[in-house]
$ cat target.cif   # mmCIF, C-alpha atoms and all ligand atoms
data_my_file
#
loop_
_atom_site.label_atom_id
_atom_site.label_comp_id
_atom_site.auth_asym_id
_atom_site.auth_seq_id
_atom_site.Cartn_x
_atom_site.Cartn_y
_atom_site.Cartn_z
CA MET S 625 -11.64 5.20 21.63
CA ILE S 626 -8.12 4.59 22.94
CA ILE S 627 -6.93 3.88 26.45
CA ILE S 628 -3.36 5.03 26.97
CA LEU S 629 -1.58 2.98 29.64
CA ASN S 630 1.46 4.21 31.55
CA GLU S 631 4.64 2.36 32.58
CA LYS S 632 2.92 0.91 35.68
CA ALA S 633 0.69 -1.33 33.54
CA THR S 634 1.61 -5.00 33.91
CA LYS S 635 0.70 -7.75 31.45
CA ASP S 636 -2.04 -8.86 33.88
CA ASP S 637 -3.45 -5.31 33.98
CA VAL S 638 -3.63 -5.23 30.17
CA GLN S 639 -5.16 -8.70 30.04
CA GLY S 640 -7.75 -7.79 32.71
CA LEU S 641 -8.70 -4.61 30.90
CA VAL S 642 -9.01 -6.40 27.56
CA SER S 643 -11.21 -9.14 28.98
CA ASP S 644 -13.47 -6.54 30.70
CA LEU S 645 -13.89 -4.78 27.37
CA MET S 646 -14.55 -8.04 25.54
CA LYS S 647 -17.26 -8.92 28.06
CA GLN S 648 -18.95 -5.68 27.04
CA GLY S 649 -18.94 -6.83 23.41
CA LEU S 650 -16.01 -4.66 22.30
CA LYS S 651 -13.00 -5.54 20.20
CA THR S 652 -9.53 -4.38 21.14
CA ASN S 653 -6.32 -3.62 19.35
CA ILE S 654 -3.10 -3.50 21.42
CA SER S 655 -0.15 -1.39 20.36
CA GLU S 656 2.92 -1.59 22.58
CA GLY S 657 5.39 1.29 22.54
CA SER S 658 8.56 1.73 24.60
CA HIS S 659 6.88 3.75 27.37
CA THR S 660 3.16 3.40 26.78
CA THR S 661 0.74 0.77 25.64
CA ILE S 662 -2.34 1.80 23.70
CA VAL S 663 -5.50 -0.25 23.92
CA GLY S 664 -7.67 0.68 20.96
CA ILE S 665 -11.36 -0.08 21.32
CA ILE S 666 -13.51 -0.88 18.32
CA GLY S 667 -17.28 -0.97 18.72
CA ASP S 668 -20.03 1.03 20.36
CA VAL S 669 -18.41 2.71 23.37
CA THR S 670 -21.42 4.76 24.50
CA ALA S 671 -22.08 2.52 27.52
CA LEU S 672 -18.45 2.50 28.72
CA ASP S 673 -17.78 3.99 32.17
CA ILE S 674 -14.83 6.20 31.22
CA ASP S 675 -14.37 7.65 34.73
CA ASN S 676 -14.06 4.13 36.09
CA ILE S 677 -11.39 3.27 33.50
CA LYS S 678 -9.53 6.51 34.21
CA GLY S 679 -9.56 5.58 37.91
CA SER S 680 -6.95 2.81 37.46
CA ASP S 681 -3.47 3.97 38.36
CA PHE S 682 -2.03 2.32 35.24
CA VAL S 683 -4.28 4.35 32.93
CA GLU S 684 -2.74 7.59 31.67
CA ASP S 685 -5.66 8.87 29.60
CA VAL S 686 -8.74 7.89 27.60
CA LYS S 687 -9.42 9.59 24.25
CA ARG S 688 -12.12 9.29 21.66
CA VAL S 689 -11.11 8.37 18.10
CA THR S 690 -13.60 10.35 16.09
CA GLU S 691 -12.36 9.23 12.65
CA PRO S 692 -14.36 6.32 11.17
CA TYR S 693 -11.18 4.34 10.44
CA LYS S 694 -9.87 2.71 13.59
CA LYS S 695 -7.32 -0.02 12.82
CA ALA S 696 -5.73 2.17 10.15
CA ASN S 697 -5.65 5.15 12.51
CA ARG S 698 -2.29 6.33 13.84
CA LYS S 699 -3.95 7.14 17.16
CA MET S 700 -4.53 3.41 17.63
CA HIS S 701 -1.03 2.48 16.53
CA PRO S 702 1.47 5.35 16.90
CA ALA S 703 4.46 3.44 15.46
CA ASP S 704 4.81 3.02 11.69
CA SER S 705 3.69 -0.38 10.44
CA MET S 706 6.37 -2.41 8.75
CA ILE S 707 4.95 -4.75 6.10
CA LYS S 708 7.04 -7.85 5.54
CA VAL S 709 6.86 -9.05 1.94
CA THR S 710 9.62 -11.70 2.05
CA ASP S 711 12.59 -12.40 4.33
CA ASP S 712 14.54 -9.81 2.31
CA VAL S 713 11.89 -7.22 1.50
CA THR S 714 10.02 -5.09 4.03
CA VAL S 715 7.99 -1.96 3.28
CA GLY S 716 7.84 0.81 5.86
CA GLU S 717 9.60 3.62 7.67
CA GLY S 718 13.32 3.96 7.03
CA ILE S 719 13.29 1.58 4.07
CA PHE S 720 12.67 2.68 0.48
CA ASN S 721 11.23 0.20 -2.01
CA VAL S 722 10.95 0.56 -5.76
CA ILE S 723 8.43 -1.64 -7.54
CA ALA S 724 9.14 -1.61 -11.28
CA GLY S 725 8.01 -3.45 -14.37
CA PRO S 726 5.68 -3.24 -17.32
CA CYS S 727 2.05 -2.22 -17.18
CA SER S 728 1.14 -5.67 -18.56
CA VAL S 729 2.92 -8.95 -18.89
CA GLU S 730 3.12 -9.53 -22.66
CA THR S 731 5.59 -12.32 -23.43
CA GLU S 732 8.10 -14.46 -21.58
CA GLU S 733 11.06 -12.61 -23.16
CA GLN S 734 9.56 -9.23 -22.29
CA ILE S 735 8.90 -9.90 -18.62
CA ILE S 736 12.19 -11.73 -17.99
CA GLU S 737 14.21 -9.05 -19.76
CA VAL S 738 12.51 -6.21 -17.88
CA ALA S 739 12.77 -8.09 -14.57
CA GLU S 740 16.51 -8.59 -15.03
CA ASP S 741 17.03 -4.96 -16.04
CA VAL S 742 15.07 -3.42 -13.18
CA LYS S 743 16.75 -5.73 -10.71
CA LYS S 744 20.18 -4.62 -11.94
CA SER S 745 19.14 -1.01 -11.43
CA GLY S 746 18.06 -1.67 -7.85
CA ALA S 747 14.31 -2.31 -7.98
CA THR S 748 13.18 -4.35 -4.98
CA MET S 749 9.98 -5.81 -6.49
CA LEU S 750 8.66 -6.61 -9.96
CA ARG S 751 5.26 -5.41 -11.15
CA GLY S 752 3.27 -6.60 -14.15
CA GLY S 753 -0.44 -6.84 -14.85
CA ALA S 754 -1.92 -10.20 -15.83
CA PHE S 755 -5.56 -9.17 -15.31
CA LYS S 756 -5.93 -5.64 -16.69
CA PRO S 757 -8.72 -3.16 -15.95
CA ARG S 758 -9.01 -1.40 -19.33
CA THR S 759 -11.37 1.45 -20.12
CA SER S 760 -12.16 -0.09 -23.51
CA PRO S 761 -13.32 -3.68 -23.97
CA TYR S 762 -11.41 -3.65 -27.30
CA SER S 763 -8.03 -2.95 -25.64
CA PHE S 764 -5.59 -5.70 -24.62
CA GLN S 765 -7.06 -7.27 -21.48
CA GLY S 766 -3.92 -9.02 -20.19
CA LEU S 767 -2.75 -12.61 -20.43
CA ALA S 768 -4.69 -13.65 -17.29
CA GLY S 769 -3.51 -17.02 -15.89
CA GLU S 770 -0.75 -17.27 -18.50
CA GLY S 771 0.49 -13.82 -17.41
CA LEU S 772 0.66 -14.99 -13.77
CA LYS S 773 2.71 -17.99 -14.87
CA LEU S 774 5.17 -15.77 -16.73
CA LEU S 775 5.46 -13.46 -13.72
CA LEU S 776 6.33 -16.46 -11.55
CA GLU S 777 9.01 -17.42 -14.05
CA ALA S 778 10.45 -13.92 -13.84
CA LYS S 779 10.38 -14.23 -10.05
CA LYS S 780 12.27 -17.52 -10.31
CA ALA S 781 14.82 -16.04 -12.70
CA THR S 782 15.53 -12.91 -10.66
CA GLY S 783 14.40 -13.58 -7.09
CA LEU S 784 12.30 -10.40 -7.18
CA PRO S 785 8.99 -10.60 -5.30
CA ILE S 786 6.04 -9.92 -7.60
CA VAL S 787 3.18 -7.44 -7.38
CA THR S 788 0.12 -7.92 -9.56
CA GLU S 789 -3.51 -6.86 -9.67
CA LEU S 790 -6.46 -8.95 -8.54
CA MET S 791 -9.71 -7.88 -10.20
CA ASN S 792 -12.02 -10.78 -9.46
CA LEU S 793 -12.34 -12.56 -6.13
CA GLU S 794 -12.79 -15.88 -7.92
CA HIS S 795 -9.16 -15.61 -9.08
CA LEU S 796 -7.71 -15.37 -5.57
CA ASP S 797 -6.62 -19.03 -5.50
CA MET S 798 -4.44 -18.39 -8.56
CA PHE S 799 -2.54 -15.73 -6.56
CA ALA S 800 -1.06 -18.18 -4.05
CA ASP S 801 2.54 -17.49 -5.13
CA VAL S 802 2.07 -13.77 -5.73
CA ASP S 803 3.91 -11.77 -3.06
CA VAL S 804 1.83 -8.57 -3.04
CA ILE S 805 -1.75 -8.37 -4.28
CA GLN S 806 -2.61 -5.08 -5.93
CA ILE S 807 -6.11 -3.68 -5.65
CA GLY S 808 -6.31 -1.16 -8.48
CA ALA S 809 -7.78 2.32 -8.43
CA ARG S 810 -10.99 1.17 -10.10
CA ASN S 811 -11.58 -1.43 -7.41
CA MET S 812 -10.68 0.66 -4.37
CA GLN S 813 -14.31 0.54 -3.26
CA ASN S 814 -15.10 -2.97 -4.46
CA PHE S 815 -16.07 -3.96 -0.94
CA ASP S 816 -16.52 -7.68 -1.68
CA LEU S 817 -12.98 -7.79 -3.04
CA LEU S 818 -11.64 -5.87 -0.04
CA LYS S 819 -13.38 -8.26 2.37
CA GLU S 820 -11.93 -11.24 0.53
CA VAL S 821 -8.32 -10.01 0.59
CA GLY S 822 -8.90 -9.12 4.24
CA LYS S 823 -9.15 -12.84 4.93
CA CYS S 824 -5.67 -13.63 3.59
CA LYS S 825 -2.38 -12.62 5.15
CA LYS S 826 -0.62 -11.41 2.01
CA PRO S 827 0.46 -7.78 1.75
CA ILE S 828 -2.10 -5.73 -0.18
CA LEU S 829 -1.11 -2.73 -2.29
CA LEU S 830 -4.22 -0.56 -2.17
CA LYS S 831 -4.30 2.08 -4.86
CA ARG S 832 -6.26 5.28 -4.35
CA GLY S 833 -9.48 5.46 -6.35
CA LEU S 834 -9.64 7.87 -9.26
CA ALA S 835 -11.92 10.26 -7.42
CA ASN S 836 -11.72 9.23 -3.80
CA THR S 837 -10.91 11.24 -0.71
CA ILE S 838 -8.17 10.24 1.68
CA GLU S 839 -10.81 9.28 4.23
CA GLU S 840 -12.60 6.99 1.75
CA TRP S 841 -9.24 5.43 0.89
CA LEU S 842 -8.47 4.81 4.56
CA MET S 843 -11.93 3.29 5.00
CA SER S 844 -11.07 0.84 2.21
CA ALA S 845 -7.85 -0.02 4.06
CA GLU S 846 -10.03 -0.46 7.16
CA TYR S 847 -12.17 -3.04 5.31
CA ILE S 848 -9.07 -5.15 4.65
CA MET S 849 -7.76 -4.70 8.20
CA ALA S 850 -11.15 -5.38 9.80
CA GLY S 851 -11.09 -8.76 8.07
CA GLY S 852 -7.83 -9.58 9.86
CA ASN S 853 -5.22 -8.59 7.28
CA GLU S 854 -3.23 -5.64 8.61
CA ASN S 855 -0.62 -5.81 5.82
CA VAL S 856 -1.80 -2.86 3.78
CA ILE S 857 0.42 -0.58 1.69
CA LEU S 858 -1.22 2.57 0.29
CA CYS S 859 -0.39 3.76 -3.22
CA GLU S 860 -1.15 7.29 -4.42
CA ARG S 861 -1.49 7.19 -8.22
CA GLY S 862 -3.05 10.54 -9.02
CA ILE S 863 -6.65 11.65 -8.86
CA ARG S 864 -9.15 13.03 -11.37
CA THR S 865 -9.23 16.82 -11.40
CA PHE S 866 -10.23 19.47 -13.96
CA GLU S 867 -6.67 19.34 -15.35
CA THR S 868 -6.26 17.53 -18.65
CA ALA S 869 -2.56 18.22 -19.37
CA THR S 870 -1.66 15.14 -17.35
CA ARG S 871 -3.52 11.82 -17.17
CA ASN S 872 -4.27 12.44 -13.49
CA THR S 873 -3.12 14.94 -10.88
CA LEU S 874 -0.58 13.57 -8.42
CA ASP S 875 -1.73 14.47 -4.92
CA ILE S 876 1.70 14.74 -3.31
CA SER S 877 0.11 16.30 -0.22
CA ALA S 878 -1.47 12.90 0.41
CA VAL S 879 1.94 11.68 1.61
CA PRO S 880 2.41 13.96 4.64
CA MET S 881 -1.34 13.83 5.34
CA LEU S 882 -1.34 10.03 5.39
CA LYS S 883 1.80 9.99 7.52
CA LYS S 884 -0.16 12.01 10.08
CA LEU S 885 -3.41 10.04 9.88
CA THR S 886 -2.20 6.46 9.52
CA HIS S 887 0.65 4.13 10.42
CA LEU S 888 0.45 2.33 7.06
CA PRO S 889 3.25 2.78 4.51
CA VAL S 890 2.65 5.02 1.51
CA ILE S 891 4.15 4.70 -1.95
CA ILE S 892 3.79 6.87 -5.04
CA ASP S 893 3.05 5.76 -8.61
CA PRO S 894 4.19 8.66 -10.80
CA SER S 895 3.53 6.68 -14.00
CA HIS S 896 -0.27 6.49 -13.75
CA ALA S 897 -0.31 9.90 -12.05
CA THR S 898 1.00 11.68 -15.14
CA GLY S 899 0.65 9.35 -18.10
CA LEU S 900 3.85 10.94 -19.47
CA SER S 901 7.22 9.20 -19.29
CA TRP S 902 9.21 12.46 -19.13
CA MET S 903 7.34 13.50 -15.99
CA VAL S 904 8.03 10.29 -14.10
CA ALA S 905 11.53 11.27 -12.93
CA PRO S 906 10.71 14.70 -11.46
CA LEU S 907 7.68 13.34 -9.63
CA ALA S 908 9.58 10.30 -8.37
CA LYS S 909 12.17 12.65 -6.87
CA THR S 910 9.40 14.72 -5.30
CA ALA S 911 7.96 11.56 -3.74
CA VAL S 912 11.26 10.84 -1.97
CA ALA S 913 11.39 14.39 -0.61
CA ALA S 914 7.76 14.25 0.56
CA GLY S 915 8.50 11.22 2.73
CA ALA S 916 7.04 8.37 0.68
CA ASP S 917 8.13 4.83 1.55
CA GLY S 918 8.63 3.87 -2.07
CA LEU S 919 7.70 4.13 -5.72
CA MET S 920 5.88 2.08 -8.32
CA ILE S 921 7.21 2.78 -11.82
CA GLU S 922 6.24 1.34 -15.18
CA VAL S 923 9.23 0.12 -17.19
CA HIS S 924 9.01 -1.52 -20.62
CA ASN S 925 11.85 -2.86 -22.79
CA ASN S 926 10.24 -1.20 -25.82
CA PRO S 927 7.71 1.45 -24.69
CA ALA S 928 6.78 2.38 -28.27
CA LYS S 929 5.48 -1.17 -28.79
CA ALA S 930 3.89 -1.68 -25.36
CA LEU S 931 0.39 -3.18 -25.41
CA CYS S 932 -0.62 -0.92 -22.54
CA ASP S 933 0.56 2.44 -21.15
CA GLY S 934 3.63 2.81 -23.38
CA ALA S 935 3.47 6.62 -23.22
CA GLN S 936 4.12 6.61 -19.48
CA SER S 937 6.67 3.79 -19.43
CA LEU S 938 10.39 4.34 -18.98
CA ASN S 939 12.83 2.22 -20.95
CA PRO S 940 15.44 0.35 -18.88
CA VAL S 941 18.15 2.96 -19.55
CA GLN S 942 15.90 5.81 -18.37
CA PHE S 943 14.91 3.76 -15.34
CA ASP S 944 18.55 3.08 -14.49
CA GLU S 945 19.42 6.78 -14.67
CA LEU S 946 16.49 7.62 -12.43
CA MET S 947 17.46 4.93 -9.93
CA GLN S 948 21.03 6.25 -9.61
CA ASP S 949 19.56 9.65 -8.72
CA ILE S 950 16.87 8.21 -6.42
CA LYS S 951 19.46 6.22 -4.47
CA ARG S 952 21.34 9.44 -3.58
CA ARG S 953 18.12 11.14 -2.52
CA VAL S 954 17.03 8.18 -0.41
CA ALA S 955 20.41 8.25 1.37
CA PHE S 956 20.04 12.01 1.89
CA GLU S 957 16.69 11.36 3.61
CA GLY S 958 18.45 8.95 5.96
CA LYS S 959 16.70 5.90 4.49
CA ARG S 960 18.03 2.74 2.91
CA PHE S 961 16.93 0.36 0.18
C1 LIG S 1001 -1.81 -0.57 -12.78
O1 LIG S 1001 -1.03 -0.31 -11.86
O2 LIG S 1001 -1.56 -1.41 -13.65
C2 LIG S 1001 -3.09 0.14 -12.86
C3 LIG S 1001 -4.07 -0.28 -13.66
O3 LIG S 1001 -3.12 1.22 -12.10
P1 LIG S 1001 -4.37 2.06 -11.52
O4 LIG S 1001 -5.27 1.08 -10.84
O5 LIG S 1001 -3.69 3.00 -10.57
O6 LIG S 1001 -4.99 2.76 -12.68
MN MN S 1002 -0.48 0.85 -16.45
#
$ encode --input "target.cif" --output "structure tokens"
Amino acid sequence: MIIILNEKATKDDVQGLVSDLMKQGLKTNISEGSHTTIVGIIGDVTALDIDNIKGSDFVEDVKRVTEPYKKANRKMHPADSMIKVTDDVTVGEGIFNVIAGPCSVETEEQIIEVAEDVKKSGATMLRGGAFKPRTSPYSFQGLAGEGLKLLLEAKKATGLPIVTELMNLEHLDMFADVDVIQIGARNMQNFDLLKEVGKCKKPILLKRGLANTIEEWLMSAEYIMAGGNENVILCERGIRTFETATRNTLDISAVPMLKKLTHLPVIIDPSHATGLSWMVAPLAKTAVAAGADGLMIEVHNNPAKALCDGAQSLNPVQFDELMQDIKRRVAFEGKRF
């Protein structure tokens, strides 16, 4: 439920209302806009005297929030959330971010070379998997702790913030210097992991599960936010459908739908969505037009030799060409890097 306050509401009015609600065992979420303040209520509201609340002259309206996600709901927080990654990098409305890098960190030369190349082309963050969720136990599983170390070296060399996947909650301590923690598609409903990253303050890149609805995805964001971490970035990476021509099917309609349902930023990963490097550029351009807040793109210095996902990886020249095009489209949309 939300209580919409009008311009007459003073700080004392808001405080009084919040403490009344807390006495009734409810949690609140305050969102201040330029003309109205919204007090979101989380908890069982069946015993609330709505007519009494509506009776205050500083209350404009009271509305039920029927969706199961509350903190992630745009009704609770009408303004877009801006997620601060570093002093120089923020994800959210009006700003376009491109996260680029290899599927997996392989060697020091590889990650440093790719980091320098993608930075030159305008990427704002570096990606690279150290812990890899692979379908086959016989495939390359990532360099684990060594991979994290190499990523941090690439961060030092280029200044790019790093994004990497956490698969096991016991590894969280090793992620202290990671800028954005990725929760991969396969772990979107690993609720223990979601609760754990909900306790830290780092931005979380939450990928959509392979076969999950938008509502399930927002409920996973809600898990992280309910734990106290509101820094969630959603990443659409394609879903499982009957189609086999592409690795997954990019649900581009998720972008406008999420923009309506939630205040959280949304980025698109066209690499995992298609599995085909030649399809990355057209879908990346589509993502800009659909209103996404950014892209995550796999780039490898030698895709043919990549230990993971070479077929969907761009080489640095292809990535640079795409970035020149994307920059024009981002400007056309009235956004900046
Ligand atoms: C990845 O980004 O490295 C990855 C494994 O992606 P996803 O979880 O979307 O499959
Ligand atoms: Mn990959």
$ closest_atom_pairs --input "target.cif" --of "chain S" --to "ligand LIG 1001 (chain S)" --cutoff "9 Å" --atoms "all atoms listed in the file" --output "tab-separated table"
residue	atom	partner	partner_atom	distance
S:Pro726	CA	S:LIG1001	O2	8.3
S:Cys727	CA	S:LIG1001	O2	5.1
S:Ser728	CA	S:LIG1001	O2	7.0
S:Arg751	CA	S:LIG1001	O1	8.1
S:Gly752	CA	S:LIG1001	O2	7.1
S:Gly753	CA	S:LIG1001	O2	5.7
S:Phe755	CA	S:LIG1001	O2	8.9
S:Lys756	CA	S:LIG1001	C3	6.4
S:Pro757	CA	S:LIG1001	C3	5.9
S:Arg758	CA	S:LIG1001	C3	7.6
S:Thr788	CA	S:LIG1001	O2	7.9
S:Glu789	CA	S:LIG1001	O2	7.0
S:Gln806	CA	S:LIG1001	O1	7.8
S:Ile807	CA	S:LIG1001	O4	7.1
S:Gly808	CA	S:LIG1001	O4	3.4
S:Ala809	CA	S:LIG1001	O4	3.7
S:Arg810	CA	S:LIG1001	O4	5.8
S:Asn811	CA	S:LIG1001	O4	7.6
S:Met812	CA	S:LIG1001	O4	8.4
S:Leu830	CA	S:LIG1001	O4	8.9
S:Lys831	CA	S:LIG1001	O5	5.8
S:Arg832	CA	S:LIG1001	O5	7.1
S:Gly833	CA	S:LIG1001	O4	7.6
S:Leu834	CA	S:LIG1001	O6	7.7
S:Cys859	CA	S:LIG1001	O5	8.1
S:Glu860	CA	S:LIG1001	O5	7.9
S:Arg861	CA	S:LIG1001	O5	5.3
S:Gly862	CA	S:LIG1001	O5	7.7
S:Asp893	CA	S:LIG1001	O5	7.5
S:Ser895	CA	S:LIG1001	O1	8.6
S:His896	CA	S:LIG1001	O5	5.8
S:Ala897	CA	S:LIG1001	O5	7.8
S:Met920	CA	S:LIG1001	O1	8.1
S:Ile921	CA	S:LIG1001	O1	8.8
S:Glu922	CA	S:LIG1001	O1	8.2
S:Cys932	CA	S:LIG1001	O2	9.0
S:Asp933	CA	S:LIG1001	O2	8.7
$ closest_residue --input "target.cif" --among "S:Thr873, S:Thr652, S:Ser643, S:Thr782" --to "Ala850 of chain S" --atoms "only C-alpha atoms"
S:Thr652
$ residues_around --input "target.cif" --residues "segment 648-650 of chain S" --least-positions-apart "4" --cutoff "7 Å" --atoms "only C-alpha atoms" --output "list of chain:residue names"
S:Asp644, S:Ile665, S:Ile666, S:Gly667
$ atom_distance --input "target.cif" --atom1 "atom CA of Lys959 of chain S" --atom2 "atom CA of Ile857 of chain S"
17.7 Å
$ atom_distance --input "target.cif" --atom1 "atom CA of Lys773 of chain S" --atom2 "atom CA of Val738 of chain S"
15.6 Å
$ atom_distance --input "target.cif" --atom1 "atom CA of Asn630 of chain S" --atom2 "atom CA of Thr660 of chain S"
5.1 Å
$ closest_residue --input "target.cif" --among "S:Leu885, S:Val683, S:Thr731, S:Gln765" --to "ligand MN 1002 (chain S)" --atoms "only C-alpha atoms and all ligand atoms"
S:Gln765
$ residues_around --input "target.cif" --residues "Val722 of chain S" --least-positions-apart "5" --cutoff "12 Å" --atoms "all atoms listed in the file" --output "PyMOL selection string"
chain S and resi 713-715+742-743+745-751+784-787+890-894+908+911-912+916-923+943-944+946-947+950-951+954+960-961
$ closest_residue --input "target.cif" --among "S:Val669, S:Val729, S:Ile848, S:Val709" --to "ligand MN 1002 (chain S)" --atoms "all atoms listed in the file"
S:Val729
$ closest_residue --input "target.cif" --among "S:His924, S:Lys708, S:Lys780, S:Lys695" --to "Gly851 of chain S" --atoms "all atoms listed in the file"
S:Lys695
$ residues_around --input "target.cif" --residues "Lys699 of chain S" --least-positions-apart "6" --cutoff "10 Å" --atoms "only C-alpha atoms" --output "list in words"
Met625, Ile626, Ser655, Ile662, Gly664, Lys687, Arg688, Val689, Glu691, Lys884, Leu885, Thr886 and His887 of chain S
$ closest_residue --input "target.cif" --among "S:Glu732, S:Asp673, S:Glu770, S:Phe764" --to "ligand MN 1002 (chain S)" --atoms "only C-alpha atoms and all ligand atoms"
S:Phe764
$ closest_residue --input "target.cif" --among "S:Met881, S:Ala935, S:Ile677, S:Leu772" --to "Val638 of chain S" --atoms "only C-alpha atoms"
S:Ile677
$ residues_around --input "target.cif" --residues "Ile828 of chain S" --least-positions-apart "5" --cutoff "6 Å" --atoms "all atoms listed in the file" --output "ChimeraX atom specification"
/S:804-806,856
$ decode --input "target.cif" --residues "segment 826-842 of chain S" --atoms "N, CA and C atoms" --output "compact mmCIF listing (two decimals), in the first residue's frame"
# COMPACT_ATOMS: atom_id res chain seq x y z
N LYS S 826 27.06 -3.22 -2.14
CA LYS S 826 27.57 -3.14 -3.51
C LYS S 826 26.45 -3.25 -4.53
N PRO S 827 26.61 -2.57 -5.69
CA PRO S 827 25.63 -2.77 -6.76
C PRO S 827 25.61 -4.24 -7.21
N ILE S 828 24.41 -4.72 -7.46
CA ILE S 828 24.22 -6.11 -7.89
C ILE S 828 23.63 -6.10 -9.30
N LEU S 829 24.29 -6.79 -10.22
CA LEU S 829 23.75 -6.95 -11.56
C LEU S 829 22.99 -8.28 -11.55
N LEU S 830 21.68 -8.20 -11.60
CA LEU S 830 20.85 -9.39 -11.49
C LEU S 830 20.36 -9.81 -12.87
N LYS S 831 20.91 -10.92 -13.36
CA LYS S 831 20.50 -11.40 -14.67
C LYS S 831 19.18 -12.14 -14.59
N ARG S 832 18.42 -12.08 -15.67
CA ARG S 832 17.14 -12.79 -15.70
C ARG S 832 17.39 -14.28 -15.86
N GLY S 833 16.68 -15.10 -15.12
CA GLY S 833 16.80 -16.55 -15.22
C GLY S 833 16.41 -17.04 -16.61
N LEU S 834 16.93 -18.19 -16.97
CA LEU S 834 16.71 -18.74 -18.31
C LEU S 834 15.24 -18.91 -18.67
N ALA S 835 14.43 -19.20 -17.68
CA ALA S 835 13.02 -19.45 -17.96
C ALA S 835 12.15 -18.80 -16.88
N ASN S 836 12.50 -17.55 -16.57
CA ASN S 836 11.75 -16.87 -15.51
C ASN S 836 10.92 -15.70 -16.05
N THR S 837 9.78 -15.52 -15.42
CA THR S 837 8.90 -14.41 -15.80
C THR S 837 9.48 -13.10 -15.23
N ILE S 838 8.96 -12.02 -15.75
CA ILE S 838 9.39 -10.70 -15.26
C ILE S 838 9.03 -10.57 -13.77
N GLU S 839 7.88 -11.09 -13.40
CA GLU S 839 7.48 -10.97 -11.99
C GLU S 839 8.42 -11.77 -11.08
N GLU S 840 8.80 -12.98 -11.52
CA GLU S 840 9.75 -13.77 -10.71
C GLU S 840 11.09 -13.04 -10.59
N TRP S 841 11.49 -12.42 -11.68
CA TRP S 841 12.76 -11.66 -11.71
C TRP S 841 12.69 -10.49 -10.72
N LEU S 842 11.56 -9.77 -10.75
CA LEU S 842 11.42 -8.65 -9.82
C LEU S 842 11.33 -9.13 -8.37
